[in-house]
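Report on one structure; see the data block that follows.
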Amino acid sequence: MPTCSASSRPTATWHQAQAGKAVGAYLCRYAKVVTGAARQIGRNARDGVYNVAYTKEAAVQLAEHLYYPDCLSLARKQTAASSLASCSVRLWRLKTGQVQRPEDVPPGT
């Protein structure tokens, strides 16, 4: 059974950190092709993991691209991606004036 020595552990950690950064950078490039939204990766302060956030139309486009109909995915992830599509329709209706914006709705209605 292989064992890890104390001297090999930092090397393994370094490779994992570089792999995480490479995966994050690839995700950013790939998502830019899909959505047109440029992002930069960075580690969060709490636990040092890489976070890349997409919001609004870019999030909807990315979810639709990754979770296409009948793709192999977890049911809860497919449901979440599908719910974003309904948000996309709502945003389109807001932009085209087909529904009132929240600030335009009188109080109490």
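Residue numbering restarts at 1 for every chain of the structure tokens, chains are lettered A, B, ... in their displayed order, and ligands are numbered from 1 as they appear.
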Excluding same-chain residues fewer than 2 positions from Thr35 in chain A, what lies within 8 Å of it counting only C-alpha atoms, as a VMD selection string?
chain A and resid 31 to 33 37 58 61 to 62
Taking only C-alpha atoms into account, which of A:Arg39, A:His65, A:Lys21, A:Arg29 comes nearest Ser82 in chain A?
A:His65
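Coordinates place CA of Ala59 in chain A at a distance of 18.5 Å from CA of Val23 in chain A.
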When DSSP is applied to the backbone of this structure, which of range 4-79 of chain A are assigned alpha helix (DSSP H)? Write them out as a PyMOL selection string.
chain A and resi 8-35+56-66+75-79
So which residues touch Gln40 in chain A within 9 Å, counting only C-alpha atoms, skipping near sequence neighbours fewer than 3 positions away, as a VMD selection string?
chain A and resid 24 to 25 28 52
Record the distance separating CA of Lys95 in chain A and CA of Gly36 in chain A, expressed in Å with one decimal.
19.4 Å
